[in-house]
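The block underneath contains the structure these notes are about, expressed in structure tokens.
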Amino acid sequence: MATKFYAVKIGKKPGIYTTWEECRAMVEGYSGAKYKSFPTREEAQAYLGGPGSDVKEKQTDYAFVDGSYNTATQVYGYGGFLVHGETKEILQGSGSEPDMASMRNVAGEVLGSMAAIEKAIELGLPELTIYYDYMGIEMWATGEWKRNKKGTIAYYEYVNSVRDQITLHFVKVKGHSGVAGNEEADRLAKEAVGITE
């Protein structure tokens, strides 16, 4: 019986899978997915970070975040969730501060990313992969984009202030393309600002 081990390094839920169907469900339609099949679990584990290492466990600590804006109430907000081990933490919040509201849903995107990082630090996680659909989440955090609004400056400064406490990875996914985690974050963000579909 020829068993294969599928190691998903970047996908909906990184880890090791024993059937192509399981693996495919984690990578299909996922922008930038990285995965490989191996004849042994040890080789698959090595691909994810080495035998006996706890990288596989770290690989599963991830968050999906999204932002929304309610034009009627001028409330911005975020939604998403953080998964660590077998636990899923829902992330939601909103605000109406005029400076931030001028950024519309982008204010929510930024706050959602910050909320995920704060929660990960609170939980003592050494690493976190943040899945997002708006490029600014990564570019402002890394300083690759210029920051000219109060919210983006605060975001960049916050990420810089916690760099010694947590290692962050950013992965862009295509919004509204059927990526389950992104769809859920989008729904939670809309709910946070009072938009019901």
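Every chain in the structure tokens has a letter given in the order shown (A, B, ...), and although residue numbers restart at 1 in each chain, ligands are simply numbered from 1 in the order shown.
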
Show me a table, sorted first by chain and then by increasing residue number, of the residues of segment 12-105 of chain A having an atom at most 9 Å from segment 149-160 of chain A, each with its shortest atom pair and the distance in Å to one decimal, counting only C-alpha atoms and written as CSV.
residue,atom,partner,partner_atom,distance
A:Asp99,CA,A:Lys150,CA,7.1
A:Met100,CA,A:Gly151,CA,6.1
A:Met103,CA,A:Gly151,CA,8.2

Selected residues, N, CA, C and O atoms, written as a PDB file, in the first residue's frame, please.
ATOM      1  N   ASP A  99     -10.769  60.569  11.929  1.00  0.00           N
ATOM      2  CA  ASP A  99      -9.506  60.354  11.204  1.00  0.00           C
ATOM      3  C   ASP A  99      -9.438  58.960  10.598  1.00  0.00           C
ATOM      4  O   ASP A  99      -9.052  58.786   9.447  1.00  0.00           O
ATOM      5  N   MET A 100      -9.799  57.971  11.417  1.00  0.00           N
ATOM      6  CA  MET A 100      -9.770  56.580  10.958  1.00  0.00           C
ATOM      7  C   MET A 100     -10.896  56.324   9.958  1.00  0.00           C
ATOM      8  O   MET A 100     -10.702  55.634   8.964  1.00  0.00           O
ATOM      9  N   MET A 103     -10.466  56.555   6.289  1.00  0.00           N
ATOM     10  CA  MET A 103      -9.809  55.443   5.587  1.00  0.00           C
ATOM     11  C   MET A 103     -10.809  54.334   5.220  1.00  0.00           C
ATOM     12  O   MET A 103     -10.438  53.345   4.619  1.00  0.00           O
TER      13      MET A 103
END

Item to check | Residue neighbourhood Val8 of chain A, 12 Å, only C-alpha atoms, exclusion window fewer than 3 positions, as a ChimeraX atom specification | outcome: /A:5,11-20,22-28,30,32-38,44-49,56,59-60

Next on the checklist: Quick one: residues within 7 Å of Phe81 of chain A, only C-alpha atoms, excluding same-chain residues fewer than 4 positions away - as a PyMOL selection string?
Outcome noted: chain A and resi 63-65+88-91+185

Item to check | Which residue of A:Asn148, A:Glu86, A:Pro98, A:Asp61 approaches Ala120 of chain A most closely, using only C-alpha atoms | outcome: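 Closest to Ala120 of chain A of all the choices is A:Asp61.
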
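For the pair atom CA of Glu118 of chain A and atom CA of Val106 of chain A, the separation is 18.4 Å.
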
Run DSSP on the backbone and give me the residues of segment 31-190 of chain A it puts in helix (DSSP H, G or I), as a JSON list (two decimals) with N, CA, C and O atoms, in the first residue's frame.
[["chain", "number", "residue", "atom", "x", "y", "z"],
["A", 41, "ARG", "N", 6.51, 10.32, 6.34],
["A", 41, "ARG", "CA", 6.09, 11.44, 7.19],
["A", 41, "ARG", "C", 7.31, 12.28, 7.60],
["A", 41, "ARG", "O", 7.23, 13.50, 7.70],
["A", 42, "GLU", "N", 8.45, 11.60, 7.83],
["A", 42, "GLU", "CA", 9.67, 12.30, 8.25],
["A", 42, "GLU", "C", 10.11, 13.33, 7.20],
["A", 42, "GLU", "O", 10.48, 14.45, 7.53],
["A", 43, "GLU", "N", 10.05, 12.93, 5.92],
["A", 43, "GLU", "CA", 10.45, 13.85, 4.85],
["A", 43, "GLU", "C", 9.47, 15.03, 4.76],
["A", 43, "GLU", "O", 9.88, 16.17, 4.53],
["A", 44, "ALA", "N", 8.18, 14.73, 4.95],
["A", 44, "ALA", "CA", 7.17, 15.79, 4.91],
["A", 44, "ALA", "C", 7.41, 16.76, 6.07],
["A", 44, "ALA", "O", 7.36, 17.98, 5.89],
["A", 45, "GLN", "N", 7.73, 16.21, 7.26],
["A", 45, "GLN", "CA", 8.00, 17.04, 8.43],
["A", 45, "GLN", "C", 9.25, 17.90, 8.20],
["A", 45, "GLN", "O", 9.29, 19.07, 8.56],
["A", 46, "ALA", "N", 10.26, 17.30, 7.56],
["A", 46, "ALA", "CA", 11.50, 18.04, 7.28],
["A", 46, "ALA", "C", 11.22, 19.23, 6.36],
["A", 46, "ALA", "O", 11.76, 20.32, 6.54],
["A", 47, "TYR", "N", 10.32, 19.02, 5.38],
["A", 47, "TYR", "CA", 9.95, 20.09, 4.46],
["A", 47, "TYR", "C", 9.29, 21.24, 5.21],
["A", 47, "TYR", "O", 9.48, 22.41, 4.90],
["A", 48, "LEU", "N", 8.51, 20.89, 6.26],
["A", 48, "LEU", "CA", 7.81, 21.92, 7.04],
["A", 48, "LEU", "C", 8.70, 22.58, 8.08],
["A", 48, "LEU", "O", 8.34, 23.59, 8.65],
["A", 55, "VAL", "N", 7.89, 23.08, 14.53],
["A", 55, "VAL", "CA", 7.49, 24.01, 13.47],
["A", 55, "VAL", "C", 6.10, 23.67, 12.96],
["A", 55, "VAL", "O", 5.31, 24.55, 12.71],
["A", 56, "LYS", "N", 5.78, 22.38, 12.88],
["A", 56, "LYS", "CA", 4.45, 22.02, 12.37],
["A", 56, "LYS", "C", 3.37, 22.64, 13.26],
["A", 56, "LYS", "O", 2.41, 23.18, 12.78],
["A", 57, "GLU", "N", 3.59, 22.58, 14.56],
["A", 57, "GLU", "CA", 2.62, 23.17, 15.48],
["A", 57, "GLU", "C", 2.56, 24.69, 15.27],
["A", 57, "GLU", "O", 1.51, 25.27, 15.23],
["A", 58, "LYS", "N", 3.73, 25.30, 15.11],
["A", 58, "LYS", "CA", 3.76, 26.74, 14.90],
["A", 58, "LYS", "C", 3.09, 27.10, 13.58],
["A", 58, "LYS", "O", 2.44, 28.10, 13.48],
["A", 59, "GLN", "N", 3.27, 26.24, 12.58],
["A", 59, "GLN", "CA", 2.71, 26.50, 11.25],
["A", 59, "GLN", "C", 1.18, 26.64, 11.33],
["A", 59, "GLN", "O", 0.59, 27.26, 10.50],
["A", 98, "PRO", "N", -13.20, 60.02, 13.47],
["A", 98, "PRO", "CA", -13.21, 60.63, 12.14],
["A", 98, "PRO", "C", -11.94, 60.41, 11.30],
["A", 98, "PRO", "O", -12.03, 60.11, 10.12],
["A", 99, "ASP", "N", -10.77, 60.57, 11.93],
["A", 99, "ASP", "CA", -9.51, 60.35, 11.20],
["A", 99, "ASP", "C", -9.44, 58.96, 10.60],
["A", 99, "ASP", "O", -9.05, 58.79, 9.45],
["A", 100, "MET", "N", -9.80, 57.97, 11.42],
["A", 100, "MET", "CA", -9.77, 56.58, 10.96],
["A", 100, "MET", "C", -10.90, 56.32, 9.96],
["A", 100, "MET", "O", -10.70, 55.63, 8.96],
["A", 101, "ALA", "N", -12.08, 56.89, 10.22],
["A", 101, "ALA", "CA", -13.23, 56.68, 9.35],
["A", 101, "ALA", "C", -12.95, 57.16, 7.92],
["A", 101, "ALA", "O", -13.50, 56.64, 6.95],
["A", 105, "ASN", "N", -12.95, 51.13, 4.90],
["A", 105, "ASN", "CA", -12.69, 49.74, 5.30],
["A", 105, "ASN", "C", -11.22, 49.46, 5.60],
["A", 105, "ASN", "O", -10.88, 48.53, 6.32],
["A", 106, "VAL", "N", -10.31, 50.29, 5.06],
["A", 106, "VAL", "CA", -8.88, 50.10, 5.31],
["A", 106, "VAL", "C", -8.57, 50.26, 6.80],
["A", 106, "VAL", "O", -7.72, 49.56, 7.35],
["A", 107, "ALA", "N", -9.30, 51.15, 7.48],
["A", 107, "ALA", "CA", -9.13, 51.31, 8.93],
["A", 107, "ALA", "C", -9.41, 49.99, 9.63],
["A", 107, "ALA", "O", -8.68, 49.58, 10.54],
["A", 108, "GLY", "N", -10.45, 49.31, 9.18],
["A", 108, "GLY", "CA", -10.79, 48.01, 9.75],
["A", 108, "GLY", "C", -9.73, 46.95, 9.47],
["A", 108, "GLY", "O", -9.39, 46.14, 10.33],
["A", 109, "GLU", "N", -9.21, 46.96, 8.24],
["A", 109, "GLU", "CA", -8.16, 45.99, 7.87],
["A", 109, "GLU", "C", -6.97, 46.11, 8.82],
["A", 109, "GLU", "O", -6.45, 45.14, 9.34],
["A", 110, "VAL", "N", -6.52, 47.36, 9.03],
["A", 110, "VAL", "CA", -5.37, 47.64, 9.87],
["A", 110, "VAL", "C", -5.64, 47.22, 11.32],
["A", 110, "VAL", "O", -4.82, 46.55, 11.96],
["A", 111, "LEU", "N", -6.81, 47.58, 11.84],
["A", 111, "LEU", "CA", -7.16, 47.23, 13.22],
["A", 111, "LEU", "C", -7.31, 45.72, 13.39],
["A", 111, "LEU", "O", -6.97, 45.17, 14.44],
["A", 112, "GLY", "N", -7.80, 45.04, 12.35],
["A", 112, "GLY", "CA", -7.94, 43.59, 12.40],
["A", 112, "GLY", "C", -6.59, 42.90, 12.51],
["A", 112, "GLY", "O", -6.40, 41.96, 13.31],
["A", 113, "SER", "N", -5.63, 43.37, 11.74],
["A", 113, "SER", "CA", -4.29, 42.80, 11.79],
["A", 113, "SER", "C", -3.67, 43.04, 13.17],
["A", 113, "SER", "O", -3.08, 42.13, 13.77],
["A", 114, "MET", "N", -3.84, 44.25, 13.69],
["A", 114, "MET", "CA", -3.32, 44.56, 15.03],
["A", 114, "MET", "C", -3.98, 43.70, 16.10],
["A", 114, "MET", "O", -3.30, 43.21, 17.01],
["A", 115, "ALA", "N", -5.28, 43.48, 15.97],
["A", 115, "ALA", "CA", -6.00, 42.66, 16.95],
["A", 115, "ALA", "C", -5.48, 41.22, 16.93],
["A", 115, "ALA", "O", -5.32, 40.59, 17.99],
["A", 116, "ALA", "N", -5.19, 40.70, 15.73],
["A", 116, "ALA", "CA", -4.66, 39.34, 15.61],
["A", 116, "ALA", "C", -3.28, 39.23, 16.26],
["A", 116, "ALA", "O", -2.99, 38.27, 16.98],
["A", 117, "ILE", "N", -2.44, 40.23, 16.02],
["A", 117, "ILE", "CA", -1.09, 40.23, 16.59],
["A", 117, "ILE", "C", -1.17, 40.33, 18.12],
["A", 117, "ILE", "O", -0.49, 39.60, 18.84],
["A", 118, "GLU", "N", -2.03, 41.23, 18.61],
["A", 118, "GLU", "CA", -2.19, 41.40, 20.07],
["A", 118, "GLU", "C", -2.64, 40.10, 20.72],
["A", 118, "GLU", "O", -2.13, 39.71, 21.77],
["A", 119, "LYS", "N", -3.61, 39.43, 20.10],
["A", 119, "LYS", "CA", -4.14, 38.17, 20.64],
["A", 119, "LYS", "C", -3.05, 37.10, 20.64],
["A", 119, "LYS", "O", -2.89, 36.36, 21.62],
["A", 120, "ALA", "N", -2.26, 37.03, 19.57],
["A", 120, "ALA", "CA", -1.18, 36.03, 19.48],
["A", 120, "ALA", "C", -0.14, 36.26, 20.57],
["A", 120, "ALA", "O", 0.34, 35.31, 21.20],
["A", 121, "ILE", "N", 0.20, 37.52, 20.83],
["A", 121, "ILE", "CA", 1.18, 37.84, 21.88],
["A", 121, "ILE", "C", 0.60, 37.49, 23.25],
["A", 121, "ILE", "O", 1.28, 36.89, 24.09],
["A", 122, "GLU", "N", -0.67, 37.82, 23.44],
["A", 122, "GLU", "CA", -1.36, 37.51, 24.70],
["A", 122, "GLU", "C", -1.33, 36.00, 24.96],
["A", 122, "GLU", "O", -1.17, 35.55, 26.09],
["A", 136, "GLY", "N", -2.04, 46.54, 1.75],
["A", 136, "GLY", "CA", -1.51, 47.46, 2.75],
["A", 136, "GLY", "C", -1.18, 46.79, 4.08],
["A", 136, "GLY", "O", -0.29, 47.24, 4.81],
["A", 137, "ILE", "N", -1.91, 45.72, 4.40],
["A", 137, "ILE", "CA", -1.69, 45.00, 5.66],
["A", 137, "ILE", "C", -0.22, 44.59, 5.78],
["A", 137, "ILE", "O", 0.39, 44.73, 6.83],
["A", 138, "GLU", "N", 0.33, 44.07, 4.71],
["A", 138, "GLU", "CA", 1.74, 43.67, 4.72],
["A", 138, "GLU", "C", 2.66, 44.86, 4.46],
["A", 138, "GLU", "O", 3.66, 45.06, 5.15],
["A", 139, "MET", "N", 2.33, 45.68, 3.46],
["A", 139, "MET", "CA", 3.23, 46.75, 3.03],
["A", 139, "MET", "C", 3.44, 47.84, 4.07],
["A", 139, "MET", "O", 4.54, 48.36, 4.21],
["A", 140, "TRP", "N", 2.40, 48.20, 4.82],
["A", 140, "TRP", "CA", 2.57, 49.19, 5.88],
["A", 140, "TRP", "C", 3.32, 48.59, 7.07],
["A", 140, "TRP", "O", 4.12, 49.26, 7.71],
["A", 141, "ALA", "N", 3.04, 47.30, 7.36],
["A", 141, "ALA", "CA", 3.71, 46.64, 8.49],
["A", 141, "ALA", "C", 5.22, 46.55, 8.26],
["A", 141, "ALA", "O", 6.01, 46.74, 9.17],
["A", 142, "THR", "N", 5.61, 46.27, 7.01],
["A", 142, "THR", "CA", 7.04, 46.11, 6.70],
["A", 142, "THR", "C", 7.71, 47.44, 6.35],
["A", 142, "THR", "O", 8.92, 47.50, 6.22],
["A", 150, "LYS", "N", -2.90, 58.76, 10.14],
["A", 150, "LYS", "CA", -2.69, 58.41, 11.55],
["A", 150, "LYS", "C", -2.75, 56.90, 11.77],
["A", 150, "LYS", "O", -1.91, 56.32, 12.46],
["A", 151, "GLY", "N", -3.75, 56.27, 11.16],
["A", 151, "GLY", "CA", -3.95, 54.84, 11.35],
["A", 151, "GLY", "C", -2.81, 53.98, 10.81],
["A", 151, "GLY", "O", -2.41, 53.00, 11.45],
["A", 152, "THR", "N", -2.29, 54.34, 9.64],
["A", 152, "THR", "CA", -1.22, 53.53, 9.05],
["A", 152, "THR", "C", 0.10, 53.76, 9.79],
["A", 152, "THR", "O", 0.90, 52.83, 9.95],
["A", 153, "ILE", "N", 0.31, 54.98, 10.28],
["A", 153, "ILE", "CA", 1.52, 55.27, 11.07],
["A", 153, "ILE", "C", 1.48, 54.47, 12.38],
["A", 153, "ILE", "O", 2.46, 53.82, 12.76],
["A", 154, "ALA", "N", 0.34, 54.49, 13.05],
["A", 154, "ALA", "CA", 0.17, 53.76, 14.31],
["A", 154, "ALA", "C", 0.37, 52.25, 14.10],
["A", 154, "ALA", "O", 0.98, 51.57, 14.93],
["A", 155, "TYR", "N", -0.13, 51.75, 12.98],
["A", 155, "TYR", "CA", -0.01, 50.32, 12.65],
["A", 155, "TYR", "C", 1.47, 49.94, 12.49],
["A", 155, "TYR", "O", 1.96, 48.99, 13.10],
["A", 156, "TYR", "N", 2.19, 50.71, 11.69],
["A", 156, "TYR", "CA", 3.61, 50.45, 11.46],
["A", 156, "TYR", "C", 4.39, 50.51, 12.77],
["A", 156, "TYR", "O", 5.22, 49.64, 13.07],
["A", 157, "GLU", "N", 4.11, 51.52, 13.59],
["A", 157, "GLU", "CA", 4.81, 51.67, 14.86],
["A", 157, "GLU", "C", 4.50, 50.52, 15.81],
["A", 157, "GLU", "O", 5.38, 50.02, 16.51],
["A", 158, "TYR", "N", 3.24, 50.07, 15.80],
["A", 158, "TYR", "CA", 2.86, 48.94, 16.66],
["A", 158, "TYR", "C", 3.61, 47.68, 16.25],
["A", 158, "TYR", "O", 4.20, 46.99, 17.09],
["A", 159, "VAL", "N", 3.58, 47.36, 14.94],
["A", 159, "VAL", "CA", 4.26, 46.14, 14.46],
["A", 159, "VAL", "C", 5.75, 46.20, 14.80],
["A", 159, "VAL", "O", 6.32, 45.21, 15.27],
["A", 160, "ASN", "N", 6.36, 47.35, 14.62],
["A", 160, "ASN", "CA", 7.78, 47.50, 14.96],
["A", 160, "ASN", "C", 8.04, 47.28, 16.44],
["A", 160, "ASN", "O", 9.06, 46.72, 16.82],
["A", 161, "SER", "N", 7.11, 47.73, 17.28],
["A", 161, "SER", "CA", 7.30, 47.64, 18.72],
["A", 161, "SER", "C", 7.20, 46.20, 19.25],
["A", 161, "SER", "O", 7.64, 45.92, 20.35],
["A", 180, "ALA", "N", -12.28, 30.00, 2.19],
["A", 180, "ALA", "CA", -13.21, 29.92, 3.33],
["A", 180, "ALA", "C", -12.85, 30.88, 4.45],
["A", 180, "ALA", "O", -13.71, 31.59, 4.98],
["A", 181, "GLY", "N", -11.59, 30.93, 4.85],
["A", 181, "GLY", "CA", -11.17, 31.80, 5.95],
["A", 181, "GLY", "C", -11.42, 33.27, 5.65],
["A", 181, "GLY", "O", -11.85, 34.04, 6.51],
["A", 182, "ASN", "N", -11.16, 33.66, 4.40],
["A", 182, "ASN", "CA", -11.35, 35.05, 4.00],
["A", 182, "ASN", "C", -12.83, 35.40, 3.97],
["A", 182, "ASN", "O", -13.23, 36.49, 4.38],
["A", 183, "GLU", "N", -13.65, 34.47, 3.49],
["A", 183, "GLU", "CA", -15.10, 34.70, 3.43],
["A", 183, "GLU", "C", -15.66, 34.89, 4.85],
["A", 183, "GLU", "O", -16.50, 35.76, 5.09],
["A", 184, "GLU", "N", -15.15, 34.07, 5.80],
["A", 184, "GLU", "CA", -15.62, 34.17, 7.18],
["A", 184, "GLU", "C", -15.20, 35.51, 7.80],
["A", 184, "GLU", "O", -15.98, 36.17, 8.48],
["A", 185, "ALA", "N", -13.94, 35.91, 7.54],
["A", 185, "ALA", "CA", -13.45, 37.19, 8.07],
["A", 185, "ALA", "C", -14.26, 38.35, 7.51],
["A", 185, "ALA", "O", -14.61, 39.29, 8.23],
["A", 186, "ASP", "N", -14.60, 38.28, 6.23],
["A", 186, "ASP", "CA", -15.40, 39.31, 5.57],
["A", 186, "ASP", "C", -16.78, 39.41, 6.23],
["A", 186, "ASP", "O", -17.27, 40.50, 6.53],
["A", 187, "ARG", "N", -17.40, 38.26, 6.48],
["A", 187, "ARG", "CA", -18.73, 38.22, 7.12],
["A", 187, "ARG", "C", -18.67, 38.81, 8.53],
["A", 187, "ARG", "O", -19.52, 39.60, 8.93],
["A", 188, "LEU", "N", -17.62, 38.45, 9.30],
["A", 188, "LEU", "CA", -17.46, 38.95, 10.67],
["A", 188, "LEU", "C", -17.21, 40.46, 10.68],
["A", 188, "LEU", "O", -17.67, 41.17, 11.57],
["A", 189, "ALA", "N", -16.46, 40.95, 9.67],
["A", 189, "ALA", "CA", -16.18, 42.39, 9.58],
["A", 189, "ALA", "C", -17.47, 43.16, 9.30],
["A", 189, "ALA", "O", -17.72, 44.22, 9.89],
["A", 190, "LYS", "N", -18.29, 42.64, 8.39],
["A", 190, "LYS", "CA", -19.56, 43.29, 8.07],
["A", 190, "LYS", "C", -20.47, 43.31, 9.29],
["A", 190, "LYS", "O", -21.13, 44.31, 9.58]]

Next on the checklist: Going by DSSP on the backbone, which residues of chain A come out as strand (DSSP E)? List them as a PyMOL selection string.
Outcome noted: chain A and resi 5-10+15-17+34-38+62-70+75-84+87-95+127-132+167-172

Item to check | Counting only C-alpha atoms, the option among A:Leu82, A:Ile166, A:Val75, A:Ala192 closest to Tyr131 of chain A | outcome: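 For Tyr131 of chain A, the nearest of the candidates is A:Leu82.
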
Checklist entry - How far is it from atom CA of Lys9 of chain A to atom CA of Ser68 of chain A, in Å with one decimal? => result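 A separation of 29.2 Å between them.
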
Checklist entry - Between atom CA of Leu125 of chain A and atom CA of Tyr76 of chain A, what is the distance, to one decimal in Å? => result 27.8 Å
